[in-house]
Amino acid sequence: MSIIVGFVPTPAGEAALAAGISEAKLRNQELVIVNSARQGALVDKSVAAEDVLAGAAKRAADAGVTARVIQPPYQHDLADEFLDVARQEDASLIVIGLRHRTQVGKFILGSHAQQILMQADRPVLAVKANGTHF
């Protein structure tokens with residue numbers, strides 16, 4: 001079993017990583033850091049640079065947690081692809097970061113986090129950038 005953390009290079013992503021490391025250490029499980037990009041996209045701001053991902057894995061290792069980074073591309077829906085990874089990795093917990101959005105932004109753009117929270121078949125820990133857990 002493993003802990004899956006959705007990581008993007010943002011404050012919410014950093015908070016999710018920190019919570020994922022804590023949970024993996026507490027449960028003595030491997031941490032799988034997931035950073036995905038839309039297949040075929042030339043530029044994607046959610047894709048972390050190699051040095052950032054290496055730093056994330058090092059933070060886990062420094063905390064005594066075995067970690068690996070995967071970057072599966074997604075074609076259609078990020079939330080569905082992320083949940084597929086959680087099933088493939090037999091995740092005991094999914095950790096995601098939340099960011100503040102306006103009401104209009106929530107209505108127009110939808111929410112990958114909301115989809116993951118509603119559709120996951122395993123526990124989900126949602127973390128805000130200020131360290132608040134839900």
# chains A, B, ... in the order shown; residues from 1 in each chain; ligands from 1
>>> select_by_dssp(residues="range 2-94 of chain A", states="strand (DSSP E or B)", output="MDAnalysis selection string")
chainID A and resid 2:6 30:34 38 67:70 74 91:94
>>> write_last_selection(atoms="N, CA and C atoms", output="PDB file, in the first residue's frame")
ATOM      1  N   SER A   2       0.312   2.339  -0.417  1.00  0.00           N
ATOM      2  CA  SER A   2       1.078   3.578  -0.522  1.00  0.00           C
ATOM      3  C   SER A   2       0.178   4.776  -0.274  1.00  0.00           C
ATOM      4  N   ILE A   3       0.828   5.898  -0.083  1.00  0.00           N
ATOM      5  CA  ILE A   3       0.155   7.181   0.016  1.00  0.00           C
ATOM      6  C   ILE A   3       0.387   7.885  -1.315  1.00  0.00           C
ATOM      7  N   ILE A   4      -0.663   8.382  -1.942  1.00  0.00           N
ATOM      8  CA  ILE A   4      -0.569   9.096  -3.213  1.00  0.00           C
ATOM      9  C   ILE A   4      -0.770  10.576  -2.933  1.00  0.00           C
ATOM     10  N   VAL A   5       0.146  11.399  -3.416  1.00  0.00           N
ATOM     11  CA  VAL A   5      -0.019  12.846  -3.258  1.00  0.00           C
ATOM     12  C   VAL A   5       0.004  13.497  -4.637  1.00  0.00           C
ATOM     13  N   GLY A   6      -1.017  14.309  -4.897  1.00  0.00           N
ATOM     14  CA  GLY A   6      -1.047  15.092  -6.124  1.00  0.00           C
ATOM     15  C   GLY A   6      -0.207  16.336  -5.899  1.00  0.00           C
ATOM     16  N   GLU A  30       5.075   3.730   1.498  1.00  0.00           N
ATOM     17  CA  GLU A  30       5.744   4.462   0.422  1.00  0.00           C
ATOM     18  C   GLU A  30       4.902   5.670   0.024  1.00  0.00           C
ATOM     19  N   LEU A  31       5.564   6.740  -0.367  1.00  0.00           N
ATOM     20  CA  LEU A  31       4.902   7.933  -0.879  1.00  0.00           C
ATOM     21  C   LEU A  31       5.085   7.970  -2.392  1.00  0.00           C
ATOM     22  N   VAL A  32       3.985   8.108  -3.107  1.00  0.00           N
ATOM     23  CA  VAL A  32       4.033   8.245  -4.561  1.00  0.00           C
ATOM     24  C   VAL A  32       3.608   9.670  -4.880  1.00  0.00           C
ATOM     25  N   ILE A  33       4.544  10.434  -5.425  1.00  0.00           N
ATOM     26  CA  ILE A  33       4.309  11.835  -5.768  1.00  0.00           C
ATOM     27  C   ILE A  33       3.887  11.882  -7.234  1.00  0.00           C
ATOM     28  N   VAL A  34       2.663  12.338  -7.473  1.00  0.00           N
ATOM     29  CA  VAL A  34       2.102  12.343  -8.830  1.00  0.00           C
ATOM     30  C   VAL A  34       2.049  13.773  -9.347  1.00  0.00           C
ATOM     31  N   ARG A  38      -1.228  17.364 -19.310  1.00  0.00           N
ATOM     32  CA  ARG A  38      -2.105  16.931 -20.398  1.00  0.00           C
ATOM     33  C   ARG A  38      -1.230  16.444 -21.549  1.00  0.00           C
ATOM     34  N   ALA A  67      10.123   7.357  -1.255  1.00  0.00           N
ATOM     35  CA  ALA A  67       9.246   8.083  -2.189  1.00  0.00           C
ATOM     36  C   ALA A  67       9.722   7.885  -3.619  1.00  0.00           C
ATOM     37  N   ARG A  68       8.759   7.956  -4.513  1.00  0.00           N
ATOM     38  CA  ARG A  68       9.079   7.981  -5.942  1.00  0.00           C
ATOM     39  C   ARG A  68       8.129   8.942  -6.623  1.00  0.00           C
ATOM     40  N   VAL A  69       8.597   9.473  -7.736  1.00  0.00           N
ATOM     41  CA  VAL A  69       7.828  10.448  -8.507  1.00  0.00           C
ATOM     42  C   VAL A  69       7.362   9.785  -9.788  1.00  0.00           C
ATOM     43  N   ILE A  70       6.090   9.985 -10.113  1.00  0.00           N
ATOM     44  CA  ILE A  70       5.590   9.534 -11.407  1.00  0.00           C
ATOM     45  C   ILE A  70       4.920  10.722 -12.091  1.00  0.00           C
ATOM     46  N   TYR A  74      -2.130  12.646 -18.968  1.00  0.00           N
ATOM     47  CA  TYR A  74      -3.562  12.358 -19.036  1.00  0.00           C
ATOM     48  C   TYR A  74      -4.112  12.920 -20.335  1.00  0.00           C
ATOM     49  N   ALA A  91      -3.431   2.669  -3.301  1.00  0.00           N
ATOM     50  CA  ALA A  91      -3.272   3.739  -2.314  1.00  0.00           C
ATOM     51  C   ALA A  91      -4.187   3.522  -1.118  1.00  0.00           C
ATOM     52  N   SER A  92      -3.619   3.680   0.063  1.00  0.00           N
ATOM     53  CA  SER A  92      -4.432   3.629   1.277  1.00  0.00           C
ATOM     54  C   SER A  92      -4.991   5.012   1.586  1.00  0.00           C
ATOM     55  N   LEU A  93      -4.375   6.044   0.986  1.00  0.00           N
ATOM     56  CA  LEU A  93      -4.793   7.426   1.205  1.00  0.00           C
ATOM     57  C   LEU A  93      -4.380   8.269   0.012  1.00  0.00           C
ATOM     58  N   ILE A  94      -5.254   9.180  -0.377  1.00  0.00           N
ATOM     59  CA  ILE A  94      -4.969  10.173  -1.415  1.00  0.00           C
ATOM     60  C   ILE A  94      -4.838  11.514  -0.721  1.00  0.00           C
TER      61      ILE A  94
END
>>> select_by_dssp(residues="range 1-133 of chain A", states="alpha helix (DSSP H)", output="JSON, numbers by chain")
{"A": [11, 12, 13, 14, 15, 16, 17, 18, 19, 20, 21, 22, 23, 24, 25, 26, 27, 50, 51, 52, 53, 54, 55, 56, 57, 58, 59, 60, 61, 62, 78, 79, 80, 81, 82, 83, 84, 85, 86, 87, 88, 103, 104, 105, 106, 107, 108, 109, 112, 113, 114, 115, 116, 117, 118, 119]}
>>> closest_residue(among="A:Glu14, A:Asp84, A:Asp77, A:Glu23", to="Gly55 in chain A", atoms="only C-alpha atoms")
A:Glu14
>>> closest_residue(among="A:Ala79, A:Val85, A:Leu53, A:Met118", to="Gly13 in chain A", atoms="only C-alpha atoms")
A:Leu53
>>> residues_around(residues="Gln115 in chain A", least_positions_apart="3", cutoff="10 Å", atoms="only C-alpha atoms", output="ChimeraX atom specification")
/A:77-80,83,110-112,118-120
>>> write_last_selection(atoms="N, CA and C atoms", output="JSON list (two decimals), in the first residue's frame")
[["chain", "number", "residue", "atom", "x", "y", "z"],
["A", 77, "ASP", "N", -9.57, 13.54, -18.60],
["A", 77, "ASP", "CA", -9.92, 14.16, -17.33],
["A", 77, "ASP", "C", -8.86, 13.85, -16.28],
["A", 78, "LEU", "N", -8.25, 14.90, -15.75],
["A", 78, "LEU", "CA", -7.17, 14.74, -14.78],
["A", 78, "LEU", "C", -7.65, 13.96, -13.55],
["A", 79, "ALA", "N", -8.81, 14.26, -13.03],
["A", 79, "ALA", "CA", -9.30, 13.59, -11.83],
["A", 79, "ALA", "C", -9.46, 12.09, -12.07],
["A", 80, "ASP", "N", -10.03, 11.71, -13.20],
["A", 80, "ASP", "CA", -10.20, 10.29, -13.51],
["A", 80, "ASP", "C", -8.84, 9.59, -13.62],
["A", 83, "LEU", "N", -7.32, 9.19, -10.14],
["A", 83, "LEU", "CA", -7.97, 8.11, -9.40],
["A", 83, "LEU", "C", -7.56, 6.74, -9.95],
["A", 110, "GLY", "N", -15.14, 24.23, -12.84],
["A", 110, "GLY", "CA", -15.22, 22.93, -12.19],
["A", 110, "GLY", "C", -14.05, 22.77, -11.24],
["A", 111, "SER", "N", -13.86, 21.60, -10.71],
["A", 111, "SER", "CA", -12.79, 21.40, -9.76],
["A", 111, "SER", "C", -12.30, 19.95, -9.80],
["A", 112, "HIS", "N", -11.02, 19.79, -10.12],
["A", 112, "HIS", "CA", -10.44, 18.44, -10.08],
["A", 112, "HIS", "C", -10.49, 17.91, -8.66],
["A", 118, "MET", "N", -15.29, 13.51, -4.44],
["A", 118, "MET", "CA", -16.60, 12.88, -4.62],
["A", 118, "MET", "C", -16.51, 11.47, -5.21],
["A", 119, "GLN", "N", -15.49, 11.21, -6.03],
["A", 119, "GLN", "CA", -15.45, 9.95, -6.76],
["A", 119, "GLN", "C", -14.46, 8.93, -6.20],
["A", 120, "ALA", "N", -13.61, 9.32, -5.29],
["A", 120, "ALA", "CA", -12.59, 8.40, -4.77],
["A", 120, "ALA", "C", -13.22, 7.24, -4.03]]
>>> closest_residue(among="A:Glu81, A:Ser36, A:Ala126, A:Met1", to="Ala15 in chain A", atoms="only C-alpha atoms")
A:Ala126
>>> closest_residue(among="A:Val65, A:Val95, A:Ala24, A:Ala60", to="Phe7 in chain A", atoms="only C-alpha atoms")
A:Val95
>>> closest_residue(among="A:Ala57, A:Leu26, A:Val8, A:Ala16", to="Lys128 in chain A", atoms="only C-alpha atoms")
A:Ala16
>>> closest_residue(among="A:Ala86, A:Ala48, A:Val124, A:Ile21", to="Asp62 in chain A", atoms="only C-alpha atoms")
A:Ile21
>>> residues_around(residues="Pro11 in chain A", least_positions_apart="6", cutoff="10 Å", atoms="only C-alpha atoms", output="ChimeraX atom specification")
/A:17,97-99,128-131
